[in-house]
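Listing of upload-v4.csv, CSV, C-alpha atoms
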```csv
chain,number,residue,atom,x,y,z
A,1,MET,CA,141.9,-152.1,-6.6
A,2,HIS,CA,142.0,-149.8,-9.5
A,3,LYS,CA,140.4,-150.5,-12.9
A,4,LEU,CA,142.8,-149.9,-15.7
A,5,LYS,CA,142.2,-148.7,-19.2
A,6,VAL,CA,144.7,-149.8,-21.8
A,7,THR,CA,144.6,-147.8,-25.1
A,8,ALA,CA,146.7,-148.1,-28.2
A,9,GLU,CA,148.2,-144.6,-28.5
A,10,LYS,CA,150.7,-144.8,-31.4
A,11,ILE,CA,152.0,-147.4,-33.9
A,12,ASP,CA,155.6,-147.0,-35.1
A,13,GLY,CA,155.4,-150.0,-37.5
A,14,TYR,CA,152.9,-152.5,-38.9
A,15,CYS,CA,150.6,-154.3,-36.5
A,16,ASN,CA,149.2,-157.4,-38.2
A,17,GLN,CA,146.5,-158.0,-35.6
A,18,PRO,CA,145.4,-155.2,-36.6
A,19,ILE,CA,145.4,-153.0,-33.5
A,20,LEU,CA,144.4,-149.4,-34.4
A,21,VAL,CA,145.2,-146.2,-32.6
A,22,GLY,CA,142.4,-145.6,-30.1
A,23,ASP,CA,141.6,-149.3,-29.6
A,24,SER,CA,141.2,-150.0,-25.9
A,25,PHE,CA,140.2,-152.5,-23.2
A,26,VAL,CA,139.6,-152.4,-19.5
A,27,VAL,CA,141.2,-154.6,-16.8
A,28,ASP,CA,138.9,-155.0,-13.8
A,29,GLY,CA,140.5,-157.2,-11.2
A,30,GLY,CA,141.1,-160.5,-13.0
A,31,LYS,CA,138.6,-159.7,-15.8
A,32,ILE,CA,139.5,-158.2,-19.2
A,33,LEU,CA,136.6,-156.2,-20.8
A,34,ILE,CA,136.8,-155.7,-24.5
A,35,PRO,CA,134.4,-153.4,-26.4
A,36,GLN,CA,132.0,-155.3,-28.7
A,37,GLY,CA,133.8,-156.1,-32.0
A,38,GLY,CA,137.2,-155.3,-30.5
A,39,HIS,CA,140.1,-157.7,-29.8
A,40,ILE,CA,143.4,-157.8,-28.1
A,41,CYS,CA,146.8,-158.9,-29.3
A,42,MET,CA,147.8,-161.9,-27.2
A,43,TRP,CA,151.5,-161.1,-27.6
A,44,ALA,CA,151.1,-157.6,-26.2
A,45,LEU,CA,148.7,-158.8,-23.5
A,46,GLN,CA,151.0,-161.5,-22.2
A,47,SER,CA,153.8,-158.9,-22.0
A,48,MET,CA,151.6,-156.4,-20.1
A,49,MET,CA,150.0,-158.8,-17.7
A,50,PRO,CA,152.8,-158.8,-15.0
A,51,ILE,CA,152.4,-155.0,-14.6
A,52,PHE,CA,148.6,-155.0,-14.2
A,53,PRO,CA,148.6,-156.1,-10.5
A,54,LEU,CA,151.2,-153.4,-9.7
A,55,LEU,CA,149.1,-150.7,-11.2
A,56,GLN,CA,145.9,-152.0,-9.7
A,57,ARG,CA,147.1,-151.6,-6.1
A,58,ALA,CA,144.8,-149.4,-4.0
A,59,GLN,CA,147.5,-147.5,-2.1
A,60,PRO,CA,151.0,-147.4,-3.6
A,61,ASP,CA,153.7,-146.1,-1.2
A,62,LYS,CA,154.7,-142.5,-1.5
A,63,GLY,CA,157.3,-142.1,-4.2
A,64,ASP,CA,156.3,-145.4,-5.8
A,65,TRP,CA,156.4,-145.1,-9.6
A,66,THR,CA,153.2,-147.1,-9.9
A,67,ALA,CA,151.2,-144.3,-8.3
A,68,LYS,CA,151.6,-142.4,-11.6
A,69,SER,CA,148.7,-142.9,-14.0
A,70,GLY,CA,149.4,-143.0,-17.7
A,71,GLN,CA,152.2,-145.6,-17.8
A,72,VAL,CA,153.4,-146.2,-21.4
A,73,PHE,CA,154.1,-149.8,-22.6
A,74,VAL,CA,155.5,-150.8,-26.0
A,75,CYS,CA,154.5,-154.1,-27.6
A,76,PRO,CA,157.5,-156.4,-27.9
A,77,ASP,CA,156.9,-157.1,-31.6
A,78,PRO,CA,159.8,-155.3,-33.3
A,79,ARG,CA,157.8,-154.8,-36.5
A,80,GLY,CA,154.6,-153.5,-34.8
A,81,CYS,CA,155.9,-151.3,-32.0
A,82,VAL,CA,152.4,-150.4,-30.7
A,83,HIS,CA,152.5,-147.9,-27.9
A,84,TYR,CA,149.9,-148.5,-25.2
A,85,ARG,CA,148.9,-146.1,-22.4
A,86,ILE,CA,147.8,-147.9,-19.2
A,87,GLU,CA,145.9,-145.6,-16.9
A,88,ARG,CA,143.8,-145.9,-13.7
A,89,ILE,CA,140.2,-145.1,-14.4
A,90,SER,CA,138.4,-145.9,-11.1
A,91,GLN,CA,138.8,-147.7,-7.9
A,92,THR,CA,136.7,-150.7,-7.1
```

Kindly transcribe the structure held in the file into structure tokens.
Amino acid sequence: MHKLKVTAEKIDGYCNQPILVGDSFVVDGGKILIPQGGHICMWALQSMMPIFPLLQRAQPDKGDWTAKSGQVFVCPDPRGCVHYRIERISQT
């Protein structure tokens, strides 16, 4: 399985959490690792969670879109519109 790094890349509105550009966390299997003093928006997290197992797969099939690192996800909050980059950082 791949570890994933999720980074706030751009904010097109107002995030009241507040998530800031550059904030990140790591997904390692079923664990979420947050840097000390950091936090995660639970609304964005619950929307991203279904895609984590797909991007963590060890060997996606040839031509599978999940093989591309750097997938972009936009928070579902219409006022916040936080853009997150989800990328593979290592294989466990």

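Comparing A:Leu33, A:Val82, A:Cys75, A:Leu4 by their smallest distance to Leu20 (chain A), the closest is A:Val82 (using all atoms listed in the file).
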
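Using all atoms listed in the file, the nearest neighbour of Ile89 (chain A) within the list A:Val26, A:Arg57, A:Tyr14, A:Gln46 is A:Val26.
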
So that I can see what lies close to Ile19 (chain A), please list as a PyMOL selection string the residues with an atom at most 12 Å from it, counting all atoms listed in the file and leaving out residues fewer than 4 positions away in the same chain. chain A and resi 7-15+23-25+38-44+75+80-84

Which one of A:Met1, A:Ile34, A:Leu55, A:Val74 sits closest to Glu87 (chain A) if you count only C-alpha atoms? A:Leu55

Minimum-distance residue to Pro35 (chain A), chosen among A:Pro53, A:Asn16, A:Gln71, A:Gly22 (using only C-alpha atoms):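 Checking each of A:Pro53, A:Asn16, A:Gln71, A:Gly22 against Pro35 (chain A), counting only C-alpha atoms, the winner is A:Gly22.
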
For CA of Gly29 (chain A) and CA of Pro76 (chain A), determine how far apart the two atoms are, in Å to one decimal place. 23.8 Å

What does the distance between CA of Val27 (chain A) and CA of Lys5 (chain A) come to in Å, to one decimal place? 6.4 Å

Selection: 9 Å around Gln91 (chain A), all atoms listed in the file, excl. self and same-chain fewer than 4 positions, as a PyMOL selection string: chain A and resi 1-3+56+58

A:Pro78, A:Ile86, A:Ser47, A:Phe52 ranked by distance to Gly30 (chain A), top pick (using all atoms listed in the file): A:Phe52

Atom pair CA of Arg79 (chain A) / CA of Asp28 (chain A): separation (Å):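 Interatomic distance here is 29.5 Å.
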
Missing atoms in region 32-53 of chain A: fill them in up to N, CA and C atoms and send the result as a PDB file, in the coordinates of the input.
```pdb
ATOM      1  N   ILE A  32     139.112-159.054 -18.126  1.00  0.00           N
ATOM      2  CA  ILE A  32     139.500-158.200 -19.200  1.00  0.00           C
ATOM      3  C   ILE A  32     138.178-157.890 -19.994  1.00  0.00           C
ATOM      4  N   LEU A  33     137.822-156.614 -20.098  1.00  0.00           N
ATOM      5  CA  LEU A  33     136.600-156.200 -20.800  1.00  0.00           C
ATOM      6  C   LEU A  33     136.949-155.558 -22.094  1.00  0.00           C
ATOM      7  N   ILE A  34     136.499-156.184 -23.172  1.00  0.00           N
ATOM      8  CA  ILE A  34     136.800-155.700 -24.500  1.00  0.00           C
ATOM      9  C   ILE A  34     135.535-155.150 -25.129  1.00  0.00           C
ATOM     10  N   PRO A  35     135.582-153.944 -25.707  1.00  0.00           N
ATOM     11  CA  PRO A  35     134.400-153.400 -26.400  1.00  0.00           C
ATOM     12  C   PRO A  35     133.912-154.379 -27.461  1.00  0.00           C
ATOM     13  N   GLN A  36     132.603-154.394 -27.671  1.00  0.00           N
ATOM     14  CA  GLN A  36     132.000-155.300 -28.700  1.00  0.00           C
ATOM     15  C   GLN A  36     132.706-155.059 -30.026  1.00  0.00           C
ATOM     16  N   GLY A  37     133.112-156.139 -30.655  1.00  0.00           N
ATOM     17  CA  GLY A  37     133.800-156.100 -32.000  1.00  0.00           C
ATOM     18  C   GLY A  37     135.274-155.839 -31.853  1.00  0.00           C
ATOM     19  N   GLY A  38     135.776-155.591 -30.639  1.00  0.00           N
ATOM     20  CA  GLY A  38     137.200-155.300 -30.500  1.00  0.00           C
ATOM     21  C   GLY A  38     137.960-156.639 -30.213  1.00  0.00           C
ATOM     22  N   HIS A  39     139.238-156.530 -30.139  1.00  0.00           N
ATOM     23  CA  HIS A  39     140.100-157.700 -29.800  1.00  0.00           C
ATOM     24  C   HIS A  39     141.378-157.203 -29.187  1.00  0.00           C
ATOM     25  N   ILE A  40     142.169-158.149 -28.718  1.00  0.00           N
ATOM     26  CA  ILE A  40     143.400-157.800 -28.100  1.00  0.00           C
ATOM     27  C   ILE A  40     144.519-158.712 -28.704  1.00  0.00           C
ATOM     28  N   CYS A  41     145.675-158.135 -28.892  1.00  0.00           N
ATOM     29  CA  CYS A  41     146.800-158.900 -29.300  1.00  0.00           C
ATOM     30  C   CYS A  41     147.344-159.719 -28.169  1.00  0.00           C
ATOM     31  N   MET A  42     147.347-161.037 -28.294  1.00  0.00           N
ATOM     32  CA  MET A  42     147.800-161.900 -27.200  1.00  0.00           C
ATOM     33  C   MET A  42     149.249-161.701 -26.846  1.00  0.00           C
ATOM     34  N   TRP A  43     150.065-161.324 -27.814  1.00  0.00           N
ATOM     35  CA  TRP A  43     151.500-161.100 -27.600  1.00  0.00           C
ATOM     36  C   TRP A  43     151.726-159.899 -26.717  1.00  0.00           C
ATOM     37  N   ALA A  44     151.032-158.820 -27.050  1.00  0.00           N
ATOM     38  CA  ALA A  44     151.100-157.600 -26.200  1.00  0.00           C
ATOM     39  C   ALA A  44     150.545-157.851 -24.857  1.00  0.00           C
ATOM     40  N   LEU A  45     149.401-158.520 -24.814  1.00  0.00           N
ATOM     41  CA  LEU A  45     148.700-158.800 -23.500  1.00  0.00           C
ATOM     42  C   LEU A  45     149.603-159.583 -22.594  1.00  0.00           C
ATOM     43  N   GLN A  46     150.214-160.652 -23.087  1.00  0.00           N
ATOM     44  CA  GLN A  46     151.000-161.500 -22.200  1.00  0.00           C
ATOM     45  C   GLN A  46     152.242-160.711 -21.686  1.00  0.00           C
ATOM     46  N   SER A  47     152.693-159.721 -22.423  1.00  0.00           N
ATOM     47  CA  SER A  47     153.800-158.900 -22.000  1.00  0.00           C
ATOM     48  C   SER A  47     153.397-157.873 -20.932  1.00  0.00           C
ATOM     49  N   MET A  48     152.140-157.387 -21.034  1.00  0.00           N
ATOM     50  CA  MET A  48     151.600-156.400 -20.100  1.00  0.00           C
ATOM     51  C   MET A  48     151.127-156.990 -18.794  1.00  0.00           C
ATOM     52  N   MET A  49     150.685-158.243 -18.835  1.00  0.00           N
ATOM     53  CA  MET A  49     150.000-158.800 -17.700  1.00  0.00           C
ATOM     54  C   MET A  49     150.774-158.734 -16.368  1.00  0.00           C
ATOM     55  N   PRO A  50     152.095-158.889 -16.332  1.00  0.00           N
ATOM     56  CA  PRO A  50     152.800-158.800 -15.000  1.00  0.00           C
ATOM     57  C   PRO A  50     152.663-157.409 -14.384  1.00  0.00           C
ATOM     58  N   ILE A  51     152.455-156.377 -15.171  1.00  0.00           N
ATOM     59  CA  ILE A  51     152.400-155.000 -14.600  1.00  0.00           C
ATOM     60  C   ILE A  51     150.980-154.674 -14.105  1.00  0.00           C
ATOM     61  N   PHE A  52     149.948-155.360 -14.578  1.00  0.00           N
ATOM     62  CA  PHE A  52     148.600-155.000 -14.200  1.00  0.00           C
ATOM     63  C   PHE A  52     148.372-155.051 -12.660  1.00  0.00           C
ATOM     64  N   PRO A  53     148.772-156.107 -11.949  1.00  0.00           N
ATOM     65  CA  PRO A  53     148.600-156.100 -10.500  1.00  0.00           C
ATOM     66  C   PRO A  53     149.264-154.948  -9.781  1.00  0.00           C
TER      67      PRO A  53
END
```
